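A short write-up of the structure that comes next.
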Amino acid sequence: MSTEEDPFENFLETLDEAAERLNLEPNIHAFLRRPMRTLSVAVGIVHDNGEYNIYDGYRVHYNDIRGPCKGGLRYHPSVTLNETIALAGWMTIKCAVVDIPYGGAKGGVKCDPTKMSRTEIERLTRRYIYMILPLIGPEKDIPAPDVYTDERVMAWIMDTYSIFKGYAVPEIVTGKPIELGGSLVRKYATGKGVAVVTQKTMEHLGIRNHPTVAIQGFGNVGSWLAKFLYEMGYKVIGVTSVDGGHFDKNGLNIPQLFQHFYDEQPWSEFKGTDFIEDVGEANKALFESDVDILVPAALEDQITERNANSINAKVLVEAANGPTTPNADWILNEKGVFVVPDVLANAGGVIVSYFEWVQDTQAYLWPEAQVNKELEAVILKAYNEVSHLSKKEEITMRSAAYCQAVERLAKAIQLRGFFP
Ligand code: NAD
């Protein structure tokens, strides 16, 4: 991994820049540069064929200065402790940007869930939760879905935790099935939030008339985002996934692709598009396409100094966490690309997770329309604050978002004081 692609280094670089801009007190800056607690666990499971394997797992509490730690759980072959720390750091910033009373956490298991059966994933999940039990709880750390973990996984988390408690604890996890106390909006919340932020950006920049979009990733976030933007009149001209990319310069039929995907049909068998099977080639074509908006919605470090110059989009909306390295960010800024940073753009997921947790702790389910209304209100308030600061200080939206968050975190640290 080059230094440019070290996600925690990238997180620190942006944090340090905000600290310098704010003339942050050195003790507070030092406090914010380190995760407060990291746990590495050995997640051993017996596979369906009787083989026993041990996977590396992690749970990181970046800090809980503004409230209980909150963050997703990722199953992916590239999971490392370093990446998990970076993701927990971004969660800390994100919760502060949108001003919800949470700290930041993240978890991960280094494995390839696409090569595991449902029962193996269930055993992996239950063992992982058992191993991190001392860290989690509705008042201290509430996990949620992330890459390759879904509501089924969240249901197993709730069940495992509840068994150890001896009673049902729905508020231990968010992104659960609705039948177990999940939010009516959670499954599409991140995509919806990105769509709201994208629309606000189009209004802000005066881009009208069916803006064109290219989306990398067609999982939870990318698929719902594509659906919402299509319904709002945007023209989605390309989408990629690990299995290749579908392109149509006149606009893809997103409702059909969405259905195809959720019917679990092979990605390559969707007909009527220009299909590029090789993922590297597909992403290259996607990133270079002449569109109004490019949305990375897959993994971190996708836009680096190697490909940033060839991006032709007017706007980059970061649906994924950490998709752009600081060097690439600098290049995009020089090129005049308007970047909406991840800590703002994809905050819809954690905002609705927060509502789900509030509903569970009160044992009172909100109607879908109310959750959507409050999601929009919270994310638009944050967008307006960041945009205002960015204009006032003549800084990028990313710098403004970090400054906003770091100020809130610094204030909370000052109020709580250093112990002992
Ligand atoms: P997911 O597992 O549901 O989907 C990931 C998608 O990315 C899949 O379509 C996969 O095929 C694709 N992908 C992976 N590597 C790729 C590559 N090299 N090229 C093209 N496509 C590739 O995950 P998700 O929940 O949609 O999360 C996507 C991103 O959004 C992650 O960065 C995650 O941290 C972030 N995020 C997710 C949520 C959430 O609520 N799920 C909230 C905030 C941020």
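Residue numbers start at 1 in each chain; chains themselves are named A, B, ... in the order of the structure tokens; ligands are numbered from 1 in the order shown.
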List as a PyMOL selection string the protein and nucleic acid residues near segment 171-173 of chain A, meaning an atom at most 7 Å away when only C-alpha atoms are counted, but skip any in the same chain fewer than 3 places from it. chain A and resi 137-138+142-144+154+158+176+357+360-361
Could you list, with a cut-off of 7 Å and counting only C-alpha atoms, the residues of segment 113-215 of chain A near segment 57-74 of chain A, each shown with its nearest atom pair and the distance in Å rounded to one decimal, rows sorted by chain and ascending number, as a Markdown table?
| residue | atom | partner | partner_atom | distance |
| --- | --- | --- | --- | --- |
| A:Glu139 | CA | A:Pro68 | CA | 5.9 |
| A:Lys140 | CA | A:Pro68 | CA | 4.5 |
| A:Asp141 | CA | A:Cys69 | CA | 4.5 |
| A:Ile142 | CA | A:Lys70 | CA | 5.1 |
| A:Pro143 | CA | A:Gly72 | CA | 5.2 |
| A:Ala144 | CA | A:Gly72 | CA | 4.2 |
| A:Pro145 | CA | A:Gly72 | CA | 4.9 |
| A:Asp146 | CA | A:Gly72 | CA | 5.0 |
| A:Val147 | CA | A:Arg74 | CA | 5.0 |
| A:Tyr148 | CA | A:Arg74 | CA | 6.3 |
| A:Thr149 | CA | A:Arg74 | CA | 6.2 |
Just-selected residues, N, CA and C atoms written as a PDB file, in the first residue's frame:
ATOM      1  N   GLU A 139     -25.782   1.546  25.227  1.00  0.00           N
ATOM      2  CA  GLU A 139     -25.366   2.833  25.786  1.00  0.00           C
ATOM      3  C   GLU A 139     -23.886   3.086  25.558  1.00  0.00           C
ATOM      4  N   LYS A 140     -23.190   2.151  24.879  1.00  0.00           N
ATOM      5  CA  LYS A 140     -21.749   2.389  24.669  1.00  0.00           C
ATOM      6  C   LYS A 140     -21.262   2.207  23.242  1.00  0.00           C
ATOM      7  N   ASP A 141     -21.811   1.278  22.505  1.00  0.00           N
ATOM      8  CA  ASP A 141     -21.374   1.067  21.105  1.00  0.00           C
ATOM      9  C   ASP A 141     -22.455   0.281  20.374  1.00  0.00           C
ATOM     10  N   ILE A 142     -22.980   0.886  19.319  1.00  0.00           N
ATOM     11  CA  ILE A 142     -24.119   0.309  18.589  1.00  0.00           C
ATOM     12  C   ILE A 142     -23.686   0.020  17.154  1.00  0.00           C
ATOM     13  N   PRO A 143     -23.446  -1.246  16.785  1.00  0.00           N
ATOM     14  CA  PRO A 143     -23.043  -1.562  15.403  1.00  0.00           C
ATOM     15  C   PRO A 143     -24.167  -1.333  14.384  1.00  0.00           C
ATOM     16  N   ALA A 144     -23.794  -1.396  13.110  1.00  0.00           N
ATOM     17  CA  ALA A 144     -24.736  -1.158  11.998  1.00  0.00           C
ATOM     18  C   ALA A 144     -24.163  -1.841  10.749  1.00  0.00           C
ATOM     19  N   PRO A 145     -24.917  -1.877   9.641  1.00  0.00           N
ATOM     20  CA  PRO A 145     -24.375  -2.512   8.422  1.00  0.00           C
ATOM     21  C   PRO A 145     -23.300  -1.662   7.739  1.00  0.00           C
ATOM     22  N   ASP A 146     -22.423  -2.335   7.027  1.00  0.00           N
ATOM     23  CA  ASP A 146     -21.481  -1.669   6.125  1.00  0.00           C
ATOM     24  C   ASP A 146     -21.246  -2.655   4.980  1.00  0.00           C
ATOM     25  N   VAL A 147     -20.087  -2.586   4.344  1.00  0.00           N
ATOM     26  CA  VAL A 147     -19.849  -3.401   3.149  1.00  0.00           C
ATOM     27  C   VAL A 147     -20.029  -4.905   3.470  1.00  0.00           C
ATOM     28  N   TYR A 148     -20.859  -5.549   2.678  1.00  0.00           N
ATOM     29  CA  TYR A 148     -21.166  -6.995   2.782  1.00  0.00           C
ATOM     30  C   TYR A 148     -21.784  -7.427   4.111  1.00  0.00           C
ATOM     31  N   THR A 149     -22.381  -6.505   4.843  1.00  0.00           N
ATOM     32  CA  THR A 149     -23.205  -6.930   5.980  1.00  0.00           C
ATOM     33  C   THR A 149     -24.569  -6.302   5.786  1.00  0.00           C
TER      34      THR A 149
END
Can I get the residues of chain A within 7 Å of ligand 1, each with the closest pair of atoms and their distance in Å to one decimal, using only C-alpha atoms and all ligand atoms, sorted chain first then ascending number, as a tab-separated table?
residue	atom	partner	partner_atom_place_in_ligand_line	distance
A:Pro145	CA	ligand 1	41 (N)	5.6
A:Asp146	CA	ligand 1	25 (O)	4.5
A:Val147	CA	ligand 1	2 (O)	3.6
A:Tyr148	CA	ligand 1	2 (O)	3.9
A:Thr149	CA	ligand 1	2 (O)	6.8
A:Ala189	CA	ligand 1	40 (O)	6.8
A:Thr190	CA	ligand 1	40 (O)	5.0
A:Gln216	CA	ligand 1	20 (C)	5.2
A:Gly217	CA	ligand 1	7 (O)	3.6
A:Phe218	CA	ligand 1	9 (O)	3.7
A:Gly219	CA	ligand 1	4 (O)	3.2
A:Asn220	CA	ligand 1	26 (O)	3.7
A:Val221	CA	ligand 1	26 (O)	3.8
A:Gly222	CA	ligand 1	26 (O)	5.7
A:Thr240	CA	ligand 1	20 (C)	4.9
A:Ser241	CA	ligand 1	21 (N)	3.3
A:Val242	CA	ligand 1	11 (O)	4.0
A:Asp243	CA	ligand 1	11 (O)	6.4
A:Val279	CA	ligand 1	19 (N)	5.9
A:Asn283	CA	ligand 1	19 (N)	6.1
A:Ala297	CA	ligand 1	29 (C)	4.8
A:Ala298	CA	ligand 1	7 (O)	3.6
A:Leu299	CA	ligand 1	32 (O)	4.2
A:Glu300	CA	ligand 1	32 (O)	5.9
A:Ala319	CA	ligand 1	30 (O)	5.5
A:Ala320	CA	ligand 1	32 (O)	3.4
A:Asn321	CA	ligand 1	32 (O)	4.1
A:Gly322	CA	ligand 1	32 (O)	7.0
A:Asn346	CA	ligand 1	43 (C)	4.9
A:Ala347	CA	ligand 1	43 (C)	6.1
A:Gly349	CA	ligand 1	40 (O)	4.5
A:Val350	CA	ligand 1	42 (C)	6.7
Extract, using only C-alpha atoms, all DNA, RNA and protein residues at most 8 Å from segment 311-313 of chain A, discarding same-chain residues fewer than 6 positions from it, and format them as a list in words.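 Returned residues: Phe287, Glu288, Ser289, Asp290, Val291, Asp292, Ile293, Leu294 and Val337 of chain A.
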Take the residues that were just selected and, keeping all heavy atoms, output them as a CSV table (one decimal), in the first residue's frame.
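In the end it all went to result.csv:
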chain,number,residue,atom,x,y,z
A,287,PHE,N,-15.0,6.5,-14.5
A,287,PHE,CA,-14.4,7.7,-14.0
A,287,PHE,C,-14.1,8.8,-15.0
A,287,PHE,O,-14.1,9.9,-14.8
A,287,PHE,CB,-13.1,7.3,-13.2
A,287,PHE,CG,-13.3,6.6,-11.9
A,287,PHE,CD1,-12.3,5.9,-11.3
A,287,PHE,CD2,-14.5,6.7,-11.3
A,287,PHE,CE1,-12.5,5.3,-10.1
A,287,PHE,CE2,-14.7,6.0,-10.1
A,287,PHE,CZ,-13.7,5.3,-9.5
A,288,GLU,N,-13.9,8.3,-16.3
A,288,GLU,CA,-13.5,9.2,-17.3
A,288,GLU,C,-14.8,9.7,-18.1
A,288,GLU,O,-14.7,10.6,-19.0
A,288,GLU,CB,-12.6,8.6,-18.3
A,288,GLU,CG,-11.2,8.4,-17.7
A,288,GLU,CD,-10.2,7.6,-18.6
A,288,GLU,OE1,-10.5,7.4,-19.8
A,288,GLU,OE2,-9.1,7.3,-18.1
A,289,SER,N,-15.9,9.2,-17.7
A,289,SER,CA,-17.1,9.6,-18.5
A,289,SER,C,-17.5,11.1,-18.3
A,289,SER,O,-17.2,11.7,-17.2
A,289,SER,CB,-18.3,8.7,-18.2
A,289,SER,OG,-18.4,8.5,-16.9
A,290,ASP,N,-18.0,11.6,-19.3
A,290,ASP,CA,-18.3,13.1,-19.4
A,290,ASP,C,-19.7,13.3,-18.7
A,290,ASP,O,-20.7,13.3,-19.4
A,290,ASP,CB,-18.3,13.5,-20.9
A,290,ASP,CG,-18.1,15.0,-21.0
A,290,ASP,OD1,-17.9,15.6,-20.0
A,290,ASP,OD2,-18.0,15.4,-22.1
A,291,VAL,N,-19.7,13.4,-17.4
A,291,VAL,CA,-21.0,13.5,-16.7
A,291,VAL,C,-21.0,14.7,-15.8
A,291,VAL,O,-20.0,15.3,-15.5
A,291,VAL,CB,-21.2,12.3,-15.8
A,291,VAL,CG1,-21.7,11.1,-16.5
A,291,VAL,CG2,-20.0,12.0,-15.0
A,292,ASP,N,-22.2,15.1,-15.4
A,292,ASP,CA,-22.3,16.2,-14.4
A,292,ASP,C,-21.8,15.7,-13.0
A,292,ASP,O,-21.1,16.4,-12.3
A,292,ASP,CB,-23.8,16.6,-14.2
A,292,ASP,CG,-24.3,17.3,-15.5
A,292,ASP,OD1,-23.6,18.2,-16.0
A,292,ASP,OD2,-25.4,16.9,-16.0
A,293,ILE,N,-22.2,14.4,-12.7
A,293,ILE,CA,-21.9,14.0,-11.3
A,293,ILE,C,-21.3,12.6,-11.3
A,293,ILE,O,-21.8,11.7,-12.0
A,293,ILE,CB,-23.2,13.9,-10.5
A,293,ILE,CG1,-24.0,15.1,-10.6
A,293,ILE,CG2,-22.9,13.5,-9.0
A,293,ILE,CD1,-25.5,14.9,-10.5
A,294,LEU,N,-20.2,12.4,-10.6
A,294,LEU,CA,-19.6,11.1,-10.4
A,294,LEU,C,-19.7,10.7,-9.0
A,294,LEU,O,-19.5,11.6,-8.1
A,294,LEU,CB,-18.1,11.2,-10.8
A,294,LEU,CG,-17.3,9.9,-10.5
A,294,LEU,CD1,-17.8,8.7,-11.4
A,294,LEU,CD2,-15.8,10.1,-10.8
A,337,VAL,N,-13.3,20.8,-9.8
A,337,VAL,CA,-14.4,19.8,-9.5
A,337,VAL,C,-15.0,20.1,-8.1
A,337,VAL,O,-14.2,20.3,-7.1
A,337,VAL,CB,-13.9,18.3,-9.6
A,337,VAL,CG1,-15.0,17.4,-9.3
A,337,VAL,CG2,-13.3,18.0,-10.9
For Met116 of chain A, work out the shell of residues within 12 Å, counting only C-alpha atoms and skipping chain neighbours fewer than 3 positions away, then give it as a ChimeraX atom specification. /A:45-49,53,75-76,111-113,119-124,148
Include all heavy atoms and write out the residues we just selected as a compact mmCIF listing (two decimals), in the first residue's frame.
# COMPACT_ATOMS: atom_id res chain seq x y z
N ILE A 45 -14.25 -20.19 13.24
CA ILE A 45 -15.51 -20.89 12.95
C ILE A 45 -15.24 -22.23 12.25
O ILE A 45 -14.25 -22.38 11.55
CB ILE A 45 -16.49 -20.06 12.08
CG1 ILE A 45 -15.87 -19.72 10.71
CG2 ILE A 45 -16.98 -18.83 12.79
CD1 ILE A 45 -16.90 -19.43 9.63
N VAL A 46 -16.19 -23.14 12.43
CA VAL A 46 -16.14 -24.40 11.70
C VAL A 46 -16.93 -24.20 10.41
O VAL A 46 -18.10 -23.78 10.45
CB VAL A 46 -16.76 -25.54 12.54
CG1 VAL A 46 -16.71 -26.86 11.75
CG2 VAL A 46 -16.04 -25.70 13.87
N HIS A 47 -16.30 -24.46 9.27
CA HIS A 47 -16.99 -24.30 7.98
C HIS A 47 -17.92 -25.48 7.73
O HIS A 47 -17.87 -26.49 8.43
CB HIS A 47 -15.96 -24.16 6.86
CG HIS A 47 -15.34 -22.79 6.84
ND1 HIS A 47 -15.73 -21.81 5.96
CD2 HIS A 47 -14.39 -22.24 7.63
CE1 HIS A 47 -15.03 -20.71 6.20
NE2 HIS A 47 -14.22 -20.95 7.20
N ASP A 48 -18.78 -25.32 6.70
CA ASP A 48 -19.76 -26.38 6.41
C ASP A 48 -19.07 -27.72 6.12
O ASP A 48 -19.63 -28.78 6.38
CB ASP A 48 -20.63 -25.98 5.20
CG ASP A 48 -21.48 -24.75 5.51
OD1 ASP A 48 -21.59 -24.40 6.71
OD2 ASP A 48 -22.02 -24.13 4.56
N ASN A 49 -17.84 -27.65 5.57
CA ASN A 49 -17.14 -28.91 5.24
C ASN A 49 -16.34 -29.47 6.41
O ASN A 49 -15.54 -30.38 6.24
CB ASN A 49 -16.22 -28.69 4.03
CG ASN A 49 -15.12 -27.68 4.34
OD1 ASN A 49 -14.99 -27.20 5.46
ND2 ASN A 49 -14.31 -27.36 3.33
N ASN A 53 -11.42 -22.49 10.65
CA ASN A 53 -10.63 -21.34 10.18
C ASN A 53 -10.73 -20.19 11.17
O ASN A 53 -11.81 -19.96 11.73
CB ASN A 53 -11.21 -20.86 8.84
CG ASN A 53 -10.23 -21.11 7.73
OD1 ASN A 53 -9.04 -20.87 7.87
ND2 ASN A 53 -10.74 -21.63 6.62
N TYR A 75 -17.43 -6.83 6.32
CA TYR A 75 -16.80 -8.12 6.01
C TYR A 75 -16.16 -7.98 4.64
O TYR A 75 -16.86 -7.80 3.63
CB TYR A 75 -17.84 -9.25 5.93
CG TYR A 75 -18.50 -9.62 7.25
CD1 TYR A 75 -19.67 -10.39 7.27
CD2 TYR A 75 -17.96 -9.22 8.46
CE1 TYR A 75 -20.27 -10.75 8.47
CE2 TYR A 75 -18.57 -9.57 9.67
CZ TYR A 75 -19.72 -10.34 9.65
OH TYR A 75 -20.31 -10.68 10.84
N HIS A 76 -14.83 -8.05 4.57
CA HIS A 76 -14.17 -7.86 3.28
C HIS A 76 -12.74 -8.39 3.38
O HIS A 76 -12.11 -8.25 4.44
CB HIS A 76 -14.17 -6.37 2.90
CG HIS A 76 -13.89 -6.12 1.45
ND1 HIS A 76 -12.61 -6.00 0.97
CD2 HIS A 76 -14.70 -6.00 0.39
CE1 HIS A 76 -12.66 -5.81 -0.34
NE2 HIS A 76 -13.92 -5.82 -0.72
N CYS A 111 -12.36 -11.29 5.68
CA CYS A 111 -12.86 -12.56 5.14
C CYS A 111 -13.49 -12.25 3.77
O CYS A 111 -13.71 -11.09 3.43
CB CYS A 111 -13.93 -13.15 6.06
SG CYS A 111 -15.41 -12.13 6.18
N ASP A 112 -13.80 -13.31 3.04
CA ASP A 112 -14.49 -13.09 1.77
C ASP A 112 -15.90 -13.69 1.85
O ASP A 112 -16.10 -14.88 1.59
CB ASP A 112 -13.70 -13.73 0.62
CG ASP A 112 -14.32 -13.36 -0.73
OD1 ASP A 112 -15.43 -12.77 -0.72
OD2 ASP A 112 -13.71 -13.65 -1.77
N PRO A 113 -16.87 -12.85 2.24
CA PRO A 113 -18.23 -13.39 2.46
C PRO A 113 -18.87 -13.93 1.19
O PRO A 113 -19.80 -14.72 1.26
CB PRO A 113 -19.00 -12.18 3.01
CG PRO A 113 -18.25 -11.01 2.55
CD PRO A 113 -16.82 -11.41 2.44
N THR A 119 -24.91 -20.03 6.41
CA THR A 119 -24.70 -20.54 7.77
C THR A 119 -23.29 -20.23 8.26
O THR A 119 -23.08 -19.98 9.45
CB THR A 119 -24.96 -22.07 7.84
OG1 THR A 119 -24.21 -22.69 6.80
CG2 THR A 119 -26.42 -22.41 7.69
N GLU A 120 -22.34 -20.20 7.34
CA GLU A 120 -20.97 -19.82 7.76
C GLU A 120 -20.94 -18.35 8.17
O GLU A 120 -20.30 -17.99 9.15
CB GLU A 120 -19.99 -20.09 6.61
CG GLU A 120 -19.73 -21.58 6.40
CD GLU A 120 -18.96 -21.90 5.12
OE1 GLU A 120 -18.95 -21.07 4.19
OE2 GLU A 120 -18.41 -22.99 5.05
N ILE A 121 -21.65 -17.51 7.41
CA ILE A 121 -21.68 -16.07 7.76
C ILE A 121 -22.39 -15.89 9.11
O ILE A 121 -21.99 -15.08 9.93
CB ILE A 121 -22.34 -15.25 6.64
CG1 ILE A 121 -21.45 -15.29 5.39
CG2 ILE A 121 -22.56 -13.80 7.08
CD1 ILE A 121 -22.02 -14.60 4.18
N GLU A 122 -23.41 -16.69 9.34
CA GLU A 122 -24.12 -16.59 10.63
C GLU A 122 -23.16 -16.97 11.78
O GLU A 122 -23.06 -16.27 12.78
CB GLU A 122 -25.35 -17.49 10.65
CG GLU A 122 -26.03 -17.44 12.01
CD GLU A 122 -27.35 -18.18 12.09
OE1 GLU A 122 -27.85 -18.64 11.05
OE2 GLU A 122 -27.87 -18.28 13.22
N ARG A 123 -22.42 -18.08 11.60
CA ARG A 123 -21.49 -18.50 12.66
C ARG A 123 -20.38 -17.45 12.87
O ARG A 123 -20.01 -17.14 14.00
CB ARG A 123 -20.87 -19.86 12.32
CG ARG A 123 -21.86 -21.02 12.51
CD ARG A 123 -21.12 -22.36 12.63
NE ARG A 123 -20.54 -22.78 11.37
CZ ARG A 123 -21.22 -23.41 10.39
NH1 ARG A 123 -22.50 -23.66 10.53
NH2 ARG A 123 -20.61 -23.77 9.28
N LEU A 124 -19.91 -16.89 11.75
CA LEU A 124 -18.87 -15.86 11.83
C LEU A 124 -19.38 -14.65 12.63
O LEU A 124 -18.70 -14.11 13.51
CB LEU A 124 -18.47 -15.42 10.42
CG LEU A 124 -17.36 -14.39 10.33
CD1 LEU A 124 -15.99 -15.08 10.27
CD2 LEU A 124 -17.52 -13.51 9.09
N TYR A 148 -20.86 -5.55 2.68
CA TYR A 148 -21.17 -6.99 2.78
C TYR A 148 -21.78 -7.43 4.11
O TYR A 148 -21.68 -8.60 4.49
CB TYR A 148 -19.94 -7.86 2.45
CG TYR A 148 -19.59 -7.84 0.98
CD1 TYR A 148 -18.27 -7.64 0.55
CD2 TYR A 148 -20.57 -8.01 0.01
CE1 TYR A 148 -17.94 -7.61 -0.80
CE2 TYR A 148 -20.25 -7.97 -1.34
CZ TYR A 148 -18.95 -7.77 -1.75
OH TYR A 148 -18.63 -7.74 -3.07
